[in-house]
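Peer 1: File protein29.cif below, mmCIF, C-alpha atoms:
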```
data_start
#
loop_
_atom_site.label_atom_id
_atom_site.label_comp_id
_atom_site.auth_asym_id
_atom_site.auth_seq_id
_atom_site.Cartn_x
_atom_site.Cartn_y
_atom_site.Cartn_z
CA MET A 18 -15.25 -31.29 -49.45
CA LYS A 19 -12.12 -32.81 -47.94
CA SER A 20 -10.44 -29.39 -48.17
CA ALA A 21 -13.31 -27.75 -46.31
CA CYS A 22 -13.23 -30.40 -43.58
CA LEU A 23 -9.49 -30.02 -43.26
CA LEU A 24 -9.87 -26.23 -42.94
CA ILE A 25 -12.55 -26.62 -40.23
CA ALA A 26 -10.35 -29.08 -38.34
CA CYS A 27 -7.46 -26.62 -38.41
CA ILE A 28 -9.66 -23.81 -37.11
CA VAL A 29 -10.98 -26.00 -34.27
CA ALA A 30 -7.44 -27.03 -33.35
CA ALA A 31 -6.31 -23.40 -33.35
CA LEU A 32 -9.22 -22.33 -31.16
CA SER A 33 -8.58 -25.22 -28.78
CA SER A 34 -4.92 -24.23 -28.51
CA PHE A 35 -5.88 -20.58 -27.86
CA THR A 36 -8.32 -21.63 -25.12
CA LYS A 37 -5.62 -23.62 -23.34
CA VAL A 38 -3.29 -20.64 -23.35
CA GLN A 39 -5.98 -18.42 -21.91
CA VAL A 40 -6.75 -20.88 -19.11
CA SER A 41 -3.08 -21.31 -18.16
CA ASP A 42 -2.70 -17.54 -17.90
CA ASP A 43 -5.56 -17.39 -15.39
CA PRO A 44 -4.95 -20.20 -12.88
CA ALA A 45 -7.62 -21.13 -10.37
CA THR A 46 -7.15 -20.85 -6.62
CA LEU A 47 -5.62 -24.02 -5.22
CA ALA A 48 -8.39 -26.60 -4.77
CA ILE A 49 -9.36 -28.14 -1.43
CA GLY A 50 -7.58 -31.49 -1.02
CA SER A 51 -4.59 -30.41 -3.08
CA LYS A 52 -1.09 -31.06 -1.82
CA ALA A 53 0.52 -27.95 -0.37
CA ALA A 54 3.00 -26.41 -2.76
CA ASP A 55 6.52 -26.22 -1.39
CA PHE A 56 8.44 -22.98 -1.40
CA LYS A 57 11.84 -21.48 -0.73
CA LEU A 58 11.37 -17.87 0.27
CA PRO A 59 13.32 -15.26 2.23
CA GLY A 60 11.86 -14.01 5.50
CA THR A 61 12.13 -10.57 7.02
CA ASP A 62 14.20 -12.13 9.80
CA GLY A 63 17.01 -13.01 7.38
CA LYS A 64 16.20 -16.74 7.18
CA ILE A 65 15.15 -18.83 4.17
CA TYR A 66 11.99 -20.85 4.69
CA SER A 67 10.42 -23.90 3.04
CA LEU A 68 7.68 -26.35 4.05
CA ALA A 69 10.37 -28.45 5.72
CA SER A 70 11.11 -25.53 8.05
CA PHE A 71 7.75 -26.22 9.71
CA ALA A 72 7.85 -30.02 9.75
CA LYS A 73 6.98 -30.16 13.46
CA ALA A 74 3.73 -28.23 13.06
CA LYS A 75 0.45 -30.17 12.98
CA ILE A 76 -1.25 -27.49 10.93
CA LEU A 77 0.04 -24.69 8.73
CA LEU A 78 -1.92 -21.48 8.33
CA ILE A 79 -0.55 -19.66 5.30
CA VAL A 80 -1.91 -16.15 4.84
CA PHE A 81 -1.15 -14.14 1.73
CA THR A 82 -1.01 -10.54 2.83
CA CYS A 83 1.02 -7.37 2.28
CA ASN A 84 2.08 -3.99 3.66
CA HIS A 85 0.02 -1.46 1.76
CA CYS A 86 -3.50 -2.87 1.55
CA PRO A 87 -5.98 -1.29 4.02
CA THR A 88 -7.78 -4.62 4.49
CA ALA A 89 -4.48 -6.38 5.17
CA GLN A 90 -3.60 -3.74 7.75
CA ALA A 91 -7.04 -4.05 9.34
CA TYR A 92 -6.32 -7.74 9.96
CA GLU A 93 -2.71 -7.45 11.19
CA ASP A 94 -3.57 -7.53 14.90
CA ARG A 95 -6.00 -10.42 14.38
CA ILE A 96 -3.31 -12.48 12.64
CA ILE A 97 -0.95 -11.74 15.53
CA GLN A 98 -3.67 -12.83 17.99
CA LEU A 99 -4.39 -15.98 15.99
CA THR A 100 -0.71 -16.87 16.24
CA ASN A 101 -0.72 -16.35 20.00
CA ASP A 102 -3.93 -18.35 20.52
CA TYR A 103 -2.96 -21.39 18.46
CA LYS A 104 0.83 -21.71 18.65
CA THR A 105 0.65 -24.03 21.69
CA LYS A 106 -1.84 -26.24 19.82
CA GLY A 107 0.57 -27.09 17.01
CA VAL A 108 -0.53 -24.44 14.52
CA GLN A 109 2.14 -22.51 12.64
CA VAL A 110 1.16 -19.21 11.04
CA ILE A 111 3.11 -18.09 7.97
CA ALA A 112 2.56 -14.82 6.09
CA ILE A 113 3.58 -14.45 2.45
CA SER A 114 3.53 -11.21 0.47
CA PRO A 115 2.61 -12.08 -3.13
CA ASN A 116 2.89 -8.57 -4.54
CA ASP A 117 5.45 -7.35 -7.05
CA PRO A 118 6.37 -4.00 -5.43
CA LEU A 119 6.94 -2.42 -8.85
CA ALA A 120 3.35 -3.22 -9.82
CA VAL A 121 1.90 -1.09 -7.01
CA ARG A 122 0.91 2.40 -8.14
CA LEU A 123 1.53 5.43 -5.93
CA ASP A 124 -2.19 6.18 -5.78
CA GLU A 125 -2.72 2.66 -4.41
CA LEU A 126 -0.62 3.53 -1.35
CA GLY A 127 -3.10 5.98 0.14
CA TYR A 128 -3.68 3.85 3.23
CA SER A 129 -0.06 3.15 4.01
CA ASP A 130 3.27 4.84 4.66
CA MET A 131 5.17 2.19 2.72
CA GLY A 132 4.98 -0.10 -0.27
CA ASP A 133 5.53 -3.84 -0.65
CA SER A 134 9.28 -4.07 -1.21
CA PHE A 135 11.22 -6.61 0.82
CA GLU A 136 13.01 -3.84 2.71
CA GLU A 137 9.70 -2.21 3.62
CA MET A 138 8.35 -5.59 4.72
CA LYS A 139 11.23 -5.77 7.19
CA VAL A 140 10.30 -2.36 8.57
CA ARG A 141 6.60 -3.20 8.90
CA SER A 142 7.18 -6.56 10.58
CA LYS A 143 9.46 -4.87 13.10
CA GLN A 144 7.03 -2.01 13.74
CA LYS A 145 4.11 -4.39 14.36
CA LYS A 146 6.24 -7.00 16.14
CA TYR A 147 5.05 -9.86 13.96
CA ASN A 148 5.20 -13.15 15.83
CA PHE A 149 5.18 -15.22 12.63
CA PRO A 150 7.52 -15.48 9.62
CA TYR A 151 6.81 -12.86 6.96
CA LEU A 152 8.03 -14.13 3.59
CA TYR A 153 8.66 -12.32 0.31
CA ASP A 154 7.41 -13.77 -2.98
CA GLY A 155 7.31 -10.51 -4.92
CA LYS A 156 10.41 -11.22 -7.00
CA THR A 157 9.16 -14.26 -8.94
CA GLN A 158 5.64 -14.77 -7.50
CA SER A 159 6.20 -18.48 -8.15
CA VAL A 160 4.54 -19.66 -4.94
CA SER A 161 1.67 -17.19 -5.20
CA LYS A 162 0.89 -18.38 -8.73
CA VAL A 163 0.35 -21.90 -7.40
CA TYR A 164 -1.91 -20.93 -4.50
CA ASP A 165 -3.40 -18.05 -6.52
CA PRO A 166 -4.80 -15.92 -3.70
CA VAL A 167 -7.73 -13.74 -4.78
CA ALA A 168 -6.99 -10.81 -2.49
CA THR A 169 -4.98 -9.76 0.53
CA PRO A 170 -5.45 -11.20 3.07
CA HIS A 171 -6.32 -14.74 1.88
CA VAL A 172 -5.89 -17.73 4.22
CA PHE A 173 -4.89 -21.28 3.25
CA ILE A 174 -4.93 -23.95 6.00
CA VAL A 175 -2.96 -27.15 5.47
CA ASP A 176 -3.30 -30.26 7.66
CA LYS A 177 -0.60 -32.58 9.02
CA GLU A 178 -0.53 -34.51 5.71
CA ARG A 179 0.07 -31.11 4.10
CA LYS A 180 -3.21 -31.16 2.20
CA LEU A 181 -5.29 -28.03 1.80
CA ARG A 182 -8.37 -28.17 4.03
CA TYR A 183 -9.56 -24.54 4.09
CA GLN A 184 -9.10 -21.44 1.95
CA GLY A 185 -10.81 -18.10 2.36
CA ARG A 186 -11.32 -15.23 4.76
CA ILE A 187 -10.26 -14.77 8.37
CA ASP A 188 -13.72 -13.60 9.43
CA ASN A 189 -16.65 -11.63 8.00
CA VAL A 190 -15.95 -8.15 9.40
CA GLU A 191 -13.11 -5.99 8.16
CA LYS A 192 -13.34 -3.13 10.66
CA PRO A 193 -11.33 -3.89 13.81
CA SER A 194 -13.80 -1.81 15.83
CA LYS A 195 -16.65 -4.24 15.09
CA THR A 196 -17.14 -7.83 16.24
CA PRO A 197 -17.48 -10.50 13.53
CA ASP A 198 -20.09 -13.24 13.84
CA HIS A 199 -18.37 -15.68 11.48
CA LEU A 200 -14.87 -16.62 12.66
CA ASP A 201 -14.20 -18.83 9.63
CA THR A 202 -10.46 -19.37 10.06
CA ARG A 203 -10.76 -20.13 13.78
CA ALA A 204 -13.65 -22.50 13.12
CA ALA A 205 -11.63 -24.40 10.52
CA LEU A 206 -8.62 -24.65 12.86
CA ASP A 207 -10.76 -25.90 15.75
CA GLU A 208 -12.38 -28.59 13.59
CA LEU A 209 -9.04 -29.80 12.23
CA LEU A 210 -7.52 -29.89 15.71
CA ALA A 211 -10.50 -32.03 16.79
CA ASN A 212 -9.85 -34.37 13.82
CA LYS A 213 -13.09 -33.31 12.15
CA GLU A 214 -13.90 -32.33 8.59
CA VAL A 215 -14.02 -28.59 7.97
CA THR A 216 -17.70 -27.67 7.76
CA THR A 217 -17.11 -24.72 5.43
CA PRO A 218 -13.85 -25.39 3.56
CA THR A 219 -14.13 -22.42 1.20
CA THR A 220 -15.30 -18.84 1.69
CA LYS A 221 -15.10 -15.70 -0.38
CA VAL A 222 -12.42 -13.15 0.44
CA PHE A 223 -12.42 -9.38 0.44
CA GLY A 224 -9.43 -7.08 0.08
CA CYS A 225 -6.94 -5.65 -2.38
CA SER A 226 -6.20 -7.54 -5.56
CA VAL A 227 -2.82 -9.21 -5.87
CA LYS A 228 -0.33 -7.00 -7.66
CA TRP A 229 0.92 -9.41 -10.31
CA ALA A 230 4.00 -8.43 -12.30
CA SER A 231 1.87 -7.88 -15.41
CA LYS A 232 0.39 -4.77 -13.75
CA LYS A 233 3.74 -3.03 -14.16
CA ASP A 234 2.68 -2.36 -17.74
CA HIS A 235 0.11 0.16 -16.46
CA GLN A 236 2.73 2.33 -14.76
CA LYS A 237 3.75 4.09 -17.95
CA GLU A 238 0.11 4.94 -18.70
CA VAL A 239 -0.32 6.41 -15.22
CA GLU A 240 2.84 8.49 -15.55
CA GLU A 241 1.62 9.81 -18.91
CA GLU A 242 -1.67 10.86 -17.29
CA TRP A 243 0.18 12.67 -14.49
CA ALA A 244 2.26 14.53 -17.07
CA LYS A 245 -0.93 15.89 -18.66
CA GLU A 246 -2.21 17.48 -15.45
CA GLN A 247 -2.29 21.27 -15.39
CA VAL A 248 0.32 23.12 -13.33
CA ALA A 249 -0.22 26.70 -12.18
CA VAL A 250 1.00 29.16 -9.55
CA GLU A 251 -1.04 31.91 -7.89
CA MET A 252 0.07 34.97 -5.98
CA VAL A 253 -0.73 35.06 -2.27
CA ASP A 254 -0.39 37.81 0.34
CA GLU A 255 -0.30 37.76 4.16
CA ALA A 256 -4.06 37.48 4.50
CA GLY A 257 -4.14 34.64 2.00
CA ILE A 258 -1.46 32.72 3.87
CA LYS A 259 -3.31 33.16 7.15
CA ASP A 260 -6.42 31.75 5.52
CA LEU A 261 -4.42 28.73 4.33
CA LEU A 262 -3.20 28.20 7.87
CA LYS A 263 -6.74 28.39 9.28
CA ASN A 264 -7.52 25.39 7.08
CA ASN A 265 -11.25 25.78 6.83
CA SER A 266 -11.34 22.70 4.61
CA ASP A 267 -12.16 19.15 5.68
CA LYS A 268 -8.70 17.94 4.65
CA LEU A 269 -5.36 17.37 6.30
CA ARG A 270 -3.16 20.05 4.73
CA LEU A 271 0.57 19.67 4.09
CA ILE A 272 2.26 23.03 3.39
CA ASN A 273 5.83 23.33 2.13
CA VAL A 274 7.61 26.70 1.91
CA TRP A 275 10.46 26.62 -0.59
CA ALA A 276 12.41 28.63 -3.17
CA THR A 277 14.15 27.94 -6.46
CA TRP A 278 17.46 29.22 -5.04
CA CYS A 279 17.30 26.86 -2.04
CA GLY A 280 19.31 23.68 -2.64
CA PRO A 281 17.61 21.48 0.01
CA CYS A 282 14.21 22.72 -1.22
CA ILE A 283 14.93 21.64 -4.78
CA THR A 284 16.28 18.21 -3.86
CA GLU A 285 13.39 17.30 -1.56
CA PHE A 286 10.56 18.69 -3.72
CA PRO A 287 10.07 15.38 -5.64
CA ASP A 288 9.35 13.71 -2.30
CA PHE A 289 6.34 15.99 -1.89
CA MET A 290 5.12 14.99 -5.35
CA THR A 291 5.30 11.35 -4.30
CA ILE A 292 3.44 12.09 -1.07
CA ASN A 293 0.80 14.08 -2.93
CA ARG A 294 0.17 11.27 -5.42
CA MET A 295 -0.09 8.77 -2.59
CA TYR A 296 -2.64 10.61 -0.47
CA ARG A 297 -4.51 13.12 -2.64
CA GLY A 298 -7.31 10.61 -3.15
CA ARG A 299 -7.96 10.77 0.60
CA ASP A 300 -8.90 13.74 2.80
CA PHE A 301 -5.52 15.30 2.11
CA GLU A 302 -4.04 18.14 0.07
CA PHE A 303 -0.53 19.41 -0.60
CA ILE A 304 0.18 23.14 -0.94
CA SER A 305 3.49 24.71 -1.93
CA ILE A 306 4.39 28.33 -1.17
CA SER A 307 7.38 29.80 -3.00
CA ALA A 308 9.50 32.38 -1.19
CA ASP A 309 11.05 33.59 -4.45
CA ASP A 310 10.80 37.26 -5.36
CA PRO A 311 7.39 38.09 -6.89
CA ALA A 312 9.14 39.03 -10.14
CA GLN A 313 10.37 35.44 -10.50
CA LYS A 314 6.92 33.99 -11.16
CA GLU A 315 7.85 32.52 -14.56
CA LYS A 316 10.95 30.88 -13.10
CA VAL A 317 8.87 29.39 -10.28
CA LEU A 318 6.25 28.13 -12.72
CA LYS A 319 8.89 26.57 -14.95
CA PHE A 320 10.29 24.65 -11.98
CA LEU A 321 6.83 23.50 -10.90
CA LYS A 322 6.00 22.28 -14.39
CA GLY A 323 9.25 20.36 -14.49
CA LYS A 324 8.23 18.56 -11.31
CA GLN A 325 4.64 18.02 -12.52
CA ALA A 326 3.41 19.86 -9.43
CA SER A 327 -0.29 19.83 -10.26
CA GLY A 328 -1.42 20.62 -6.71
CA LYS A 329 -2.06 24.10 -5.29
CA ASN A 330 1.00 26.32 -5.70
CA TYR A 331 1.48 29.87 -4.45
CA LEU A 332 4.13 32.60 -4.71
CA PHE A 333 4.32 35.18 -1.92
CA SER A 334 3.38 38.50 -3.48
CA ILE A 335 5.35 40.81 -1.14
CA ASP A 336 9.12 41.47 -1.16
CA ASP A 337 9.27 41.56 2.64
CA LYS A 338 9.89 37.88 3.52
CA TYR A 339 9.62 38.56 7.27
CA LYS A 340 5.94 39.26 6.79
CA MET A 341 5.63 35.82 5.17
CA ILE A 342 7.45 34.19 8.10
CA GLU A 343 5.16 35.78 10.67
CA ALA A 344 2.07 34.91 8.65
CA ILE A 345 3.03 31.25 8.37
CA ASP A 346 4.35 30.55 11.86
CA PRO A 347 5.80 33.06 14.39
CA LYS A 348 7.87 30.18 15.82
CA TRP A 349 9.62 29.66 12.50
CA GLN A 350 13.11 31.17 12.43
CA GLY A 351 13.03 31.69 8.67
CA ALA A 352 15.35 29.04 7.22
CA LEU A 353 14.16 27.14 4.16
CA PRO A 354 12.68 24.70 3.51
CA TYR A 355 9.90 24.83 6.08
CA THR A 356 7.09 22.28 6.27
CA ILE A 357 3.96 22.07 8.39
CA LEU A 358 1.06 19.65 8.61
CA VAL A 359 -2.21 21.38 9.48
CA GLU A 360 -5.45 19.74 10.58
CA PRO A 361 -8.86 21.27 9.73
CA GLY A 362 -9.38 24.18 12.08
CA GLY A 363 -5.73 25.26 11.97
CA LYS A 364 -4.02 22.93 14.45
CA ILE A 365 -0.38 22.39 13.41
CA VAL A 366 0.50 18.77 14.19
CA TYR A 367 3.93 18.74 12.51
CA GLY A 368 6.48 21.46 11.88
CA LYS A 369 9.98 21.09 10.48
CA GLN A 370 12.63 23.64 9.51
CA GLY A 371 14.98 21.99 7.03
CA ARG A 372 14.44 18.81 5.02
CA ILE A 373 11.75 16.45 6.20
CA ASP A 374 12.21 12.81 7.07
CA VAL A 375 10.06 11.32 4.30
CA LYS A 376 9.25 8.11 6.19
CA GLU A 377 8.32 10.09 9.27
CA MET A 378 6.10 12.39 7.23
CA LYS A 379 4.22 9.55 5.53
CA LYS A 380 3.63 7.91 8.88
CA ALA A 381 2.40 11.19 10.39
CA ILE A 382 -0.09 11.53 7.53
CA VAL A 383 -1.45 8.00 7.42
CA GLU A 384 -1.72 7.70 11.21
CA ASN A 385 -3.57 11.00 11.56
CA PRO A 386 -7.19 10.27 12.61
CA LEU A 387 -8.44 12.09 9.52
CA ILE A 388 -6.67 9.62 7.21
CA GLY A 389 -6.06 6.22 8.83
CA ARG A 390 -4.72 2.88 7.62
CA PHE A 391 -8.03 1.16 6.90
CA TYR A 392 -11.66 1.79 6.03
CA LYS A 393 -13.74 3.33 8.80
#
```
Would you mind writing the file's structure down as structure tokens?

Peer 2:
Amino acid sequence: MKSACLLIACIVAALSSFTKVQVSDDPATLAIGSKAADFKLPGTDGKIYSLASFAKAKILLIVFTCNHCPTAQAYEDRIIQLTNDYKTKGVQVIAISPNDPLAVRLDELGYSDMGDSFEEMKVRSKQKKYNFPYLYDGKTQSVSKVYDPVATPHVFIVDKERKLRYQGRIDNVEKPSKTPDHLDTRAALDELLANKEVTTPTTKVFGCSVKWASKKDHQKEVEEEWAKEQVAVEMVDEAGIKDLLKNNSDKLRLINVWATWCGPCITEFPDFMTINRMYRGRDFEFISISADDPAQKEKVLKFLKGKQASGKNYLFSIDDKYKMIEAIDPKWQGALPYTILVEPGGKIVYGKQGRIDVKEMKKAIVENPLIGRFYK
């Protein structure tokens, strides 16, 4: 009997220990009334910031946000406006990116031209002219683990005693084109500035999940799935190319003309694979047209398979390359590589002879009205 009791006690202790581990791995969002967690994080302006850096501020508004998330981008201008409206009232806005940039998949970047690396944060803050410090916590995520934001963006408002008084959404409407009827963050700030209790101290948030470092484990699985995708090449003549250029689809069409014997073509081709994986889940498609001799079809296919080019690939079926040039774009002088971006209906909105500027191309795609940076 004693042995059985001892065995049961051991099992209970083991289960209790397991439960504790599980809970610690899934921390709760910082509770209202909690002391603000200090930090020491680099900003995109080259400075290192901590809570002491903002000692003069009556109220701190800490928003966990990032570059790539469509919801975060939809709120960028509102965060900038919040900063302008409340900076003379003693409110300091601070933005922190919680994401590990290596945990963000390419197909999660469909609404952005950049990821969440510190260098890309610097670019984005400069482009948008952020009027608040933009801090990077993606390396260790130590601060983010304490606050535990649910999504980006997620606001935490701290009072002059540096106690958390509000956590939640900015407002209840994501689309910038619509007017929200619940300005939750502004309401909380106004009540605190009037020395009142926050009426609604907690709200739900909507946006992209935080990219914790543990999500890096999924990258290998994704890469294995990409490697399984079928790769093929079809022959295309002048009439076929003209049809591609008419773009009777409902998608923004990126067309790259290349050849296996063209050095710049070969070195930049992986960039098109990255772009394709980023945007193919949107109203976008990538098409490659090889200018190799028709007899080189197997060589072309071998190259495409090596690059996992599972999009639409074509090989010009006629030896006369000048006919291909005229069919694609009479303005093109014929040097490879050649890249064009074609809207539905055939309007060419980007054309480049020679290697593309990858950053410029991504921006041209995501800022095209057909794609866009946030949900419409």

Peer 1: If the PyMOL selection byres ((chain A and resi 342-347) around 9) were run on this exact file, what residues would it hold? Put them as a CSV table (one decimal) with C-alpha atoms, keeping the file's coordinate frame.

Peer 2:
```
chain,number,residue,atom,x,y,z
A,255,GLU,CA,-0.3,37.8,4.2
A,256,ALA,CA,-4.1,37.5,4.5
A,258,ILE,CA,-1.5,32.7,3.9
A,259,LYS,CA,-3.3,33.2,7.2
A,261,LEU,CA,-4.4,28.7,4.3
A,262,LEU,CA,-3.2,28.2,7.9
A,338,LYS,CA,9.9,37.9,3.5
A,339,TYR,CA,9.6,38.6,7.3
A,340,LYS,CA,5.9,39.3,6.8
A,341,MET,CA,5.6,35.8,5.2
A,348,LYS,CA,7.9,30.2,15.8
A,349,TRP,CA,9.6,29.7,12.5
A,350,GLN,CA,13.1,31.2,12.4
A,351,GLY,CA,13.0,31.7,8.7
```

Peer 1: So the first atom is CA of Leu119 in chain A and the second is CA of Ser161 in chain A; what is the distance between them in Å, to one decimal place?

Peer 2: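 Between these atoms lies a distance of 16.1 Å.
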
Peer 1: Applying 7 Å and all atoms listed in the file, which residues near range 224-233 of chain A remain after dropping the ones on its own chain fewer than 2 positions away? List them as a list in words.

Peer 2: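 So, after excluding close chain neighbours, the residues are Cys86, Thr88, Pro115, Asn116, Asp117, Leu119, Ala120, Val121, Val167, Ala168, Thr169, Pro170, Val222, His235 and Gln236 of chain A.
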
Peer 1: What do you get, as a ChimeraX atom specification, if you spell out every residue that the PyMOL selection byres ((chain A and resi 354-362) around 10) selects here?

Peer 2: /A:261-276,279-283,285-286,301,303,305-308,342,345-346,349-353,363-373,378,381-382,385-387

Peer 1: Using all atoms listed in the file, which of the listed residues (A:Lys156, A:Ala312, A:Val110, A:Leu210) sits closest to Gln98 in chain A?

Peer 2: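 Going through A:Lys156, A:Ala312, A:Val110, A:Leu210 one by one, the smallest distance to Gln98 in chain A is for A:Val110.
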
Peer 1: What gap, in Å, lies between CA of Lys106 in chain A and CA of Lys213 in chain A?

Peer 2: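 A separation of 15.3 Å between them.
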
Peer 1: I need the residue set behind the PyMOL selection byres ((chain A and resi 393) around 7) for this file; please write it as a count of residues only.

Peer 2: 3

Peer 1: Skipping near chain neighbours, those fewer than 6 positions away, what residues fall within 8 Å of Pro118 in chain A using only C-alpha atoms, listed as a list in words?

Peer 2: Gly132, Asp133, Ser134, Gly155 and Lys228 of chain A

Peer 1: Please compute the CA of Val317 in chain A-CA of Asp124 in chain A distance, one decimal, in Å.

Peer 2: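 So the answer is 26.1 Å.
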
Peer 1: List as a list in words the protein and nucleic acid residues near Arg390 in chain A, meaning an atom at most 7 Å away when all atoms listed in the file are counted, but skip any in the same chain fewer than 3 places from it.

Peer 2: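 Near neighbours after the sequence-gap exclusion: Pro87, Gln90, Tyr128, Ser129, Val383 and Glu384 of chain A.
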
Peer 1: Quick one: residues within 12 Å of Val140 in chain A, all atoms listed in the file, excluding same-chain residues fewer than 3 positions away - as a CSV table (one decimal) with C-alpha atoms, keeping the file's coordinate frame?

Peer 2:
```csv
chain,number,residue,atom,x,y,z
A,61,THR,CA,12.1,-10.6,7.0
A,62,ASP,CA,14.2,-12.1,9.8
A,84,ASN,CA,2.1,-4.0,3.7
A,130,ASP,CA,3.3,4.8,4.7
A,131,MET,CA,5.2,2.2,2.7
A,132,GLY,CA,5.0,-0.1,-0.3
A,133,ASP,CA,5.5,-3.8,-0.6
A,134,SER,CA,9.3,-4.1,-1.2
A,135,PHE,CA,11.2,-6.6,0.8
A,136,GLU,CA,13.0,-3.8,2.7
A,137,GLU,CA,9.7,-2.2,3.6
A,143,LYS,CA,9.5,-4.9,13.1
A,144,GLN,CA,7.0,-2.0,13.7
A,145,LYS,CA,4.1,-4.4,14.4
A,146,LYS,CA,6.2,-7.0,16.1
A,147,TYR,CA,5.0,-9.9,14.0
A,151,TYR,CA,6.8,-12.9,7.0
A,376,LYS,CA,9.2,8.1,6.2
```

Peer 1: Listed atoms of range 196-200 of chain A, axis-aligned box, 6 Å per side: centre and edge lengths to one decimal in Å, as JSON?

Peer 2:
```
{"center_x": -17.5, "center_y": -12.2, "center_z": 13.9, "size_x": 17.2, "size_y": 20.8, "size_z": 16.8}
```

Peer 1: Counting all atoms listed in the file, which residue out of A:Glu241, A:Glu191, A:Glu251, A:Glu125 sits closest to Ile304 in chain A?

Peer 2: A:Glu251

Peer 1: Find the residue from A:Ala326, A:Met295, A:Ile174, A:Ile76 that sits nearest to Glu246 in chain A; use only C-alpha atoms when measuring.

Peer 2: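 The shortest atom-to-atom distance to Glu246 in chain A comes from A:Ala326.
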
Peer 1: Between A:Val239, A:Lys324, A:Leu181, A:Ala244, which has the minimum distance to Glu214 in chain A (counting all atoms listed in the file)?

Peer 2: A:Leu181
